[in-house]
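Colleague: My file is my_file.txt. It has compact mmCIF, C-alpha atoms and all ligand atoms:
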```
# COMPACT_ATOMS: atom_id res chain seq x y z
CA MET A 25 -9.72 9.93 3.10
CA LYS A 26 -7.55 13.05 3.24
CA ASN A 27 -5.32 11.36 5.82
CA GLN A 28 -4.99 8.35 3.55
CA TRP A 29 -3.72 10.57 0.77
CA ILE A 30 -1.27 12.33 3.11
CA ARG A 31 -0.11 8.96 4.42
CA GLY A 32 0.59 7.75 0.89
CA LEU A 33 2.54 10.89 0.07
CA PHE A 34 4.58 10.60 3.23
CA LEU A 35 5.32 6.88 2.85
CA LYS A 36 6.15 6.91 -0.85
CA LEU A 37 7.79 10.31 -1.22
CA GLY A 38 8.53 12.00 2.10
CA TYR A 39 10.13 9.00 3.76
CA PRO A 40 12.55 8.09 0.92
CA LEU A 41 13.61 11.76 0.87
CA MET A 42 14.08 11.69 4.62
CA LEU A 43 16.30 8.62 4.26
CA ILE A 44 18.51 10.41 1.74
CA LEU A 45 18.78 13.52 3.95
CA GLY A 46 19.27 11.34 7.03
CA GLY A 47 22.17 9.62 5.27
CA LEU A 48 23.75 12.98 4.47
CA PHE A 49 23.39 14.22 8.03
CA ARG A 50 24.32 10.84 9.52
CA ILE A 51 21.05 10.42 11.39
CA LYS A 52 20.62 6.90 12.75
CA LYS A 53 18.36 4.90 10.44
CA GLU A 54 16.49 3.41 13.39
CA LYS A 55 15.45 6.93 14.47
CA LEU A 56 13.99 7.63 11.02
CA GLN A 57 12.23 4.26 10.96
CA LYS A 58 10.67 4.98 14.35
CA PHE A 59 9.59 8.40 13.09
CA LEU A 60 7.88 6.76 10.10
CA ILE A 61 6.06 4.30 12.37
CA ASP A 62 4.88 7.09 14.70
CA ILE A 63 3.66 9.31 11.86
CA ASN A 64 1.93 6.38 10.16
CA ASN A 65 0.20 5.36 13.37
CA SER A 66 -1.06 8.85 14.12
CA LEU A 67 -2.34 9.34 10.56
CA VAL A 68 -4.16 5.99 10.70
CA LYS A 69 -5.58 6.74 14.15
CA ASN A 70 -6.71 10.21 13.13
CA SER A 71 -8.55 8.97 10.10
CA LYS A 72 -12.23 8.23 10.48
CA PRO A 73 -12.20 4.74 11.96
CA GLU A 74 -13.80 2.25 9.65
CA LEU A 75 -14.83 -0.86 11.46
CA VAL A 76 -13.23 -3.82 9.80
CA ARG A 77 -14.05 -7.50 9.95
CA ARG A 78 -10.82 -9.09 8.78
CA ILE A 79 -7.93 -8.00 10.99
CA LEU A 80 -4.53 -9.61 10.70
CA LEU A 81 -2.32 -9.65 13.77
CA LEU A 82 1.27 -10.28 12.74
CA LEU A 83 3.85 -11.19 15.34
CA PRO A 84 7.60 -11.68 15.01
CA HIS A 85 9.07 -15.13 15.57
CA CYS A 86 11.51 -13.76 18.19
CA LEU A 87 8.56 -13.31 20.55
CA GLN A 88 8.56 -17.06 21.10
CA GLN A 89 10.69 -18.27 24.00
CA SER A 90 13.98 -19.39 22.43
CA ASP A 91 14.00 -22.82 24.10
CA CYS A 92 10.44 -23.66 23.07
CA LYS A 93 10.55 -26.56 20.62
CA ILE A 94 7.04 -26.12 19.27
CA LYS A 95 6.72 -24.95 15.67
CA ILE A 96 4.36 -22.02 15.60
CA THR A 97 5.28 -20.43 12.28
CA TYR A 98 2.82 -22.44 10.18
CA ASN A 99 0.18 -22.73 12.85
CA VAL A 100 0.43 -20.49 15.88
CA TYR A 101 -2.26 -22.56 17.58
CA ASN A 102 0.33 -25.33 18.01
CA CYS A 103 1.34 -23.27 21.05
CA GLU A 104 0.64 -25.32 24.18
CA SER A 105 -0.03 -22.22 26.28
CA CYS A 106 2.66 -22.92 28.86
CA GLY A 107 2.86 -19.17 29.51
CA LYS A 108 6.65 -18.84 29.20
CA CYS A 109 6.15 -16.27 26.46
CA GLU A 110 3.43 -13.93 25.25
CA ILE A 111 2.33 -16.16 22.37
CA LYS A 112 -0.11 -17.78 24.79
CA ASN A 113 -1.91 -14.47 25.41
CA PHE A 114 -2.07 -13.68 21.73
CA THR A 115 -3.64 -17.00 20.76
CA GLN A 116 -6.29 -16.40 23.41
CA MET A 117 -6.83 -12.84 22.18
CA ALA A 118 -7.13 -13.97 18.56
CA ARG A 119 -9.73 -16.59 19.49
CA ASN A 120 -11.75 -14.06 21.47
CA LEU A 121 -11.76 -11.51 18.68
CA GLY A 122 -11.83 -13.89 15.70
CA LEU A 123 -8.59 -12.51 14.28
CA GLU A 124 -6.18 -13.92 11.78
CA LEU A 125 -3.04 -14.51 13.84
CA TYR A 126 0.31 -15.34 12.27
CA VAL A 127 3.92 -15.46 13.34
CA ALA A 128 6.41 -14.38 10.68
CA THR A 129 10.10 -15.19 10.53
CA GLY A 130 10.89 -12.14 8.39
CA GLY A 131 9.65 -9.51 6.00
CA THR A 132 9.22 -11.83 3.00
CA ILE A 133 7.08 -14.29 4.94
CA ALA A 134 5.11 -11.42 6.45
CA ARG A 135 4.31 -10.07 2.96
CA ARG A 136 3.21 -13.55 1.84
CA ILE A 137 0.91 -13.83 4.86
CA VAL A 138 -0.67 -10.47 3.97
CA VAL A 139 -1.25 -11.60 0.37
CA ASN A 140 -2.74 -14.93 1.48
CA THR A 141 -4.99 -13.64 4.26
CA ARG A 142 -6.20 -10.53 2.42
CA PRO A 143 -6.91 -8.51 5.57
CA GLU A 144 -8.80 -5.23 5.72
CA ALA A 145 -6.45 -3.94 8.42
CA ILE A 146 -3.20 -5.05 10.05
CA VAL A 147 -1.73 -4.77 13.51
CA ALA A 148 1.94 -5.67 13.35
CA VAL A 149 4.57 -6.14 16.03
CA ALA A 150 8.22 -6.06 14.94
CA CYS A 151 11.46 -4.12 15.14
CA GLU A 152 11.78 -0.66 13.57
CA ARG A 153 13.36 -2.01 10.38
CA ASP A 154 10.72 -4.65 9.62
CA LEU A 155 7.82 -2.45 10.65
CA SER A 156 8.88 0.53 8.57
CA SER A 157 9.38 -1.53 5.41
CA GLY A 158 6.14 -3.44 6.03
CA ILE A 159 4.17 -0.21 6.47
CA VAL A 160 5.51 1.18 3.18
CA ASP A 161 4.92 -2.09 1.30
CA THR A 162 1.36 -2.70 2.49
CA TYR A 163 0.09 0.82 1.76
CA PRO A 164 -2.84 1.61 1.20
CA LEU A 165 -3.91 -1.03 3.75
CA PRO A 166 -4.41 0.58 7.17
CA ILE A 167 -1.74 -0.72 9.50
CA LEU A 168 -0.78 0.07 13.07
CA GLY A 169 2.77 -0.84 13.98
CA ILE A 170 3.98 -1.63 17.48
CA ILE A 171 7.71 -1.75 18.15
CA ASN A 172 8.85 -4.79 20.10
CA GLU A 173 10.85 -4.70 23.33
CA ARG A 174 14.34 -6.19 23.17
CA PRO A 175 15.72 -6.60 26.69
CA PHE A 176 18.17 -9.30 25.50
CA GLY A 177 19.15 -7.60 22.25
CA PRO A 178 17.66 -7.98 18.77
CA CYS A 179 15.78 -11.08 17.62
CA PHE A 180 16.03 -12.98 20.91
CA ASN A 181 13.29 -13.51 23.50
CA THR A 182 11.68 -10.21 22.63
CA GLY A 183 8.51 -8.87 24.19
CA VAL A 184 5.74 -6.40 23.49
CA ASP A 185 3.39 -4.24 25.53
CA ILE A 186 0.19 -6.22 25.17
CA ASN A 187 -1.92 -3.20 26.05
CA LYS A 188 -0.63 -1.38 22.97
CA VAL A 189 -1.64 -4.34 20.81
CA LYS A 190 -5.01 -4.45 22.49
CA GLU A 191 -5.60 -0.74 21.87
CA ALA A 192 -4.65 -1.09 18.20
CA LEU A 193 -7.01 -4.04 17.75
CA GLN A 194 -9.80 -2.18 19.47
CA PHE A 195 -9.27 0.82 17.20
CA PHE A 196 -9.95 -1.32 14.12
CA SER A 197 -12.59 -3.62 15.55
CA GLY A 198 -14.45 -1.08 17.67
CA ASN A 199 -14.60 -3.88 20.21
CA ASN A 200 -14.28 -2.62 23.75
CA LYS A 201 -14.86 -5.89 25.50
CA GLU A 202 -12.03 -7.44 27.47
CA VAL A 203 -9.91 -9.37 25.01
CA LEU A 204 -7.43 -10.96 27.38
S1 LIG B 1 3.55 -19.99 25.40
FE1 LIG B 1 3.50 -21.34 23.58
S2 LIG B 1 5.08 -20.58 22.22
FE2 LIG B 1 5.48 -19.66 24.25
S3 LIG B 1 6.97 -21.06 25.20
FE3 LIG B 1 4.90 -21.75 25.83
S4 LIG B 1 4.29 -23.29 24.31
FE4 LIG B 1 6.05 -22.16 23.46
```
Can you give me the file's structure in the form of structure tokens?
Modeller:
Amino acid sequence: MKNQWIRGLFLKLGYPLMLILGGLFRIKKEKLQKFLIDINNSLVKNSKPELVRRILLLLPHCLQQSDCKIKITYNVYNCESCGKCEIKNFTQMARNLGLELYVATGGTIARRIVVNTRPEAIVAVACERDLSSGIVDTYPLPILGIINERPFGPCFNTGVDINKVKEALQFFSGNNKEVL
């Protein structure tokens, strides 16, 4: 509970102040966003884990292989599991754990998904910008953010370390069984 209070103070007061100071000292915004994600994650992980039933796993659209013609934004289970991108593994994981799994094309859609699914906890994969704003906006919901990998640059055929997602899901669900 104490951590929750500290997290709120940091997200709503400390972070905006940091952004102002960062602007004055010309610190790269992405560095500050990453700092916010790291602090948020450690505060969430160091709070007494409450086992939750409704976990939302939010993925960015850029995780989908760019030449895949299947529409997965409204229903991720349209994925035909060809294995060319990691969406296949996530659909399997979501089925195994009974998660809500959604792919968002941006911050606005992601917020709408959160409102509609009413999760008790969120695991989100995205870039520093989207994750940091999502973490601030969804407070006090517990959320663990995982930064995506961008070997081809931003928003294109991105990836993510599946083990980090798995660990985050296990933290909330308390489920240690193999999920992949
Ligand atoms: S795994 Fe699914 S989403 Fe990814 S390329 Fe194959 S069909 Fe498309």
Colleague: Go through A:Ile167, A:Tyr126, A:Ile186, A:Lys93 and flag the residue nearest Cys106 of chain A, using all atoms listed in the file for the distances.
Modeller: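 Looking at the shortest contact to Cys106 of chain A, the residue is A:Lys93.
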Colleague: Distance atom CA of Gln28 of chain A-atom CA of Glu191 of chain A, one decimal place?
Modeller: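 Atom-to-atom, atom CA of Gln28 of chain A to atom CA of Glu191 of chain A, that is 20.5 Å.
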Colleague: Which residues sit within 6 Å of ligand LIG 1 (chain B), counting only C-alpha atoms and all ligand atoms, listed as a PDB file with C-alpha atoms, keeping the file's coordinate frame?
Modeller:
```
ATOM      1  CA  GLN A  88       8.560 -17.060  21.100  1.00  0.00           C
ATOM      2  CA  GLN A  89      10.690 -18.270  24.000  1.00  0.00           C
ATOM      3  CA  CYS A  92      10.440 -23.660  23.070  1.00  0.00           C
ATOM      4  CA  ILE A  94       7.040 -26.120  19.270  1.00  0.00           C
ATOM      5  CA  CYS A 103       1.340 -23.270  21.050  1.00  0.00           C
ATOM      6  CA  GLU A 104       0.640 -25.320  24.180  1.00  0.00           C
ATOM      7  CA  SER A 105      -0.030 -22.220  26.280  1.00  0.00           C
ATOM      8  CA  CYS A 106       2.660 -22.920  28.860  1.00  0.00           C
ATOM      9  CA  GLY A 107       2.860 -19.170  29.510  1.00  0.00           C
ATOM     10  CA  LYS A 108       6.650 -18.840  29.200  1.00  0.00           C
ATOM     11  CA  CYS A 109       6.150 -16.270  26.460  1.00  0.00           C
ATOM     12  CA  ILE A 111       2.330 -16.160  22.370  1.00  0.00           C
ATOM     13  CA  LYS A 112      -0.110 -17.780  24.790  1.00  0.00           C
TER      14      LYS A 112
END
```
Colleague: Report as a PDB file with C-alpha atoms, in the coordinates of the input all protein, DNA and RNA residues lying within 10 Å of Ser197 of chain A, evaluated on only C-alpha atoms, omitting residues in the same chain fewer than 4 positions from it.
Modeller:
```pdb
ATOM      1  CA  PRO A  73     -12.200   4.740  11.960  1.00  0.00           C
ATOM      2  CA  GLU A  74     -13.800   2.250   9.650  1.00  0.00           C
ATOM      3  CA  LEU A  75     -14.830  -0.860  11.460  1.00  0.00           C
ATOM      4  CA  VAL A  76     -13.230  -3.820   9.800  1.00  0.00           C
ATOM      5  CA  ARG A  77     -14.050  -7.500   9.950  1.00  0.00           C
ATOM      6  CA  ARG A  78     -10.820  -9.090   8.780  1.00  0.00           C
ATOM      7  CA  ILE A  79      -7.930  -8.000  10.990  1.00  0.00           C
ATOM      8  CA  LEU A 121     -11.760 -11.510  18.680  1.00  0.00           C
ATOM      9  CA  LEU A 123      -8.590 -12.510  14.280  1.00  0.00           C
ATOM     10  CA  ALA A 145      -6.450  -3.940   8.420  1.00  0.00           C
ATOM     11  CA  GLU A 191      -5.600  -0.740  21.870  1.00  0.00           C
ATOM     12  CA  ALA A 192      -4.650  -1.090  18.200  1.00  0.00           C
ATOM     13  CA  LEU A 193      -7.010  -4.040  17.750  1.00  0.00           C
TER      14      LEU A 193
END
```
Colleague: Rounded to one decimal place, report the atom CA of Cys179 of chain A-atom CA of Cys86 of chain A distance in Å.
Modeller: 5.1 Å
Colleague: To one decimal in Å, tell me the separation between atom CA of Leu82 of chain A and atom CA of Leu41 of chain A.
Modeller: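 Interatomic distance, atom CA of Leu82 of chain A to atom CA of Leu41 of chain A: 27.9 Å.
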Colleague: In terms of the shortest atom-to-atom distance over only C-alpha atoms, which of A:Ala118, A:Leu87, A:Leu80, A:Val68 is closest to Asn140 of chain A?
Modeller: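 Under the stated criterion, the closest residue is A:Leu80.
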Colleague: Given the choices A:Pro84, A:Gly32, A:Gly131, A:Gly47, which gets closest to Phe180 of chain A if the distance is worked out from all atoms listed in the file?
Modeller: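 Ranking A:Pro84, A:Gly32, A:Gly131, A:Gly47 by distance to Phe180 of chain A, first place goes to A:Pro84.
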Colleague: Could you give me, as a list in words, the residues that have an atom at most 12 Å away from the point (5.0, -13.8, 2.6) in the coordinates of the file, using all atoms listed in the file?
Modeller: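 These residues have at least one counted atom within 12 Å: Leu82, Thr97, Tyr98, Tyr126, Val127, Ala128, Thr129, Gly130, Gly131, Thr132, Ile133, Ala134, Arg135, Arg136, Ile137, Val138, Val139, Asn140, Thr141, Arg142, Gly158, Asp161 and Thr162 of chain A.
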Colleague: Measuring between all atoms listed in the file, which one of A:Tyr163, A:Phe114, A:Tyr39, A:Phe34 shows the shortest distance to Gly183 of chain A?
Modeller: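 Checking each candidate against Gly183 of chain A, we get A:Phe114 as the closest.
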Colleague: My list of candidates is A:Glu124, A:Asp185, A:Glu173, A:Glu152. Which is closest to Lys58 of chain A when distances are computed with all atoms listed in the file?
Modeller: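 Closest to Lys58 of chain A of all the choices is A:Glu152.
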Colleague: Could you work out an axis-aligned box for segment 130-133 of chain A, taking every atom the file lists and adding 6 Å on each side, and report centre and edge lengths in Å to one decimal, as lines of an AutoDock Vina configuration file?
Modeller:
```
center_x = 9.0
center_y = -11.9
center_z = 5.7
size_x = 15.8
size_y = 16.8
size_z = 17.4
```
Colleague: For Ser156 of chain A, which residue out of A:Leu33, A:Ile63, A:Ile51, A:Val189 is the nearest one, using all atoms listed in the file?
Modeller: A:Ile63
Colleague: From (13.8, 5.4, 11.2), in the file's coordinates, out to 10 Å: which residues are reached, counting all atoms listed in the file? Answer as a ChimeraX atom specification.
Modeller: /A:39,42-43,46,51-62,152-153,155-156
Colleague: Got a sec: who's within 6 Å of Asn172 of chain A, counting all atoms listed in the file, leaving out chain neighbours fewer than 5 positions off, as a PyMOL selection string?
Modeller: chain A and resi 150-151+183-184
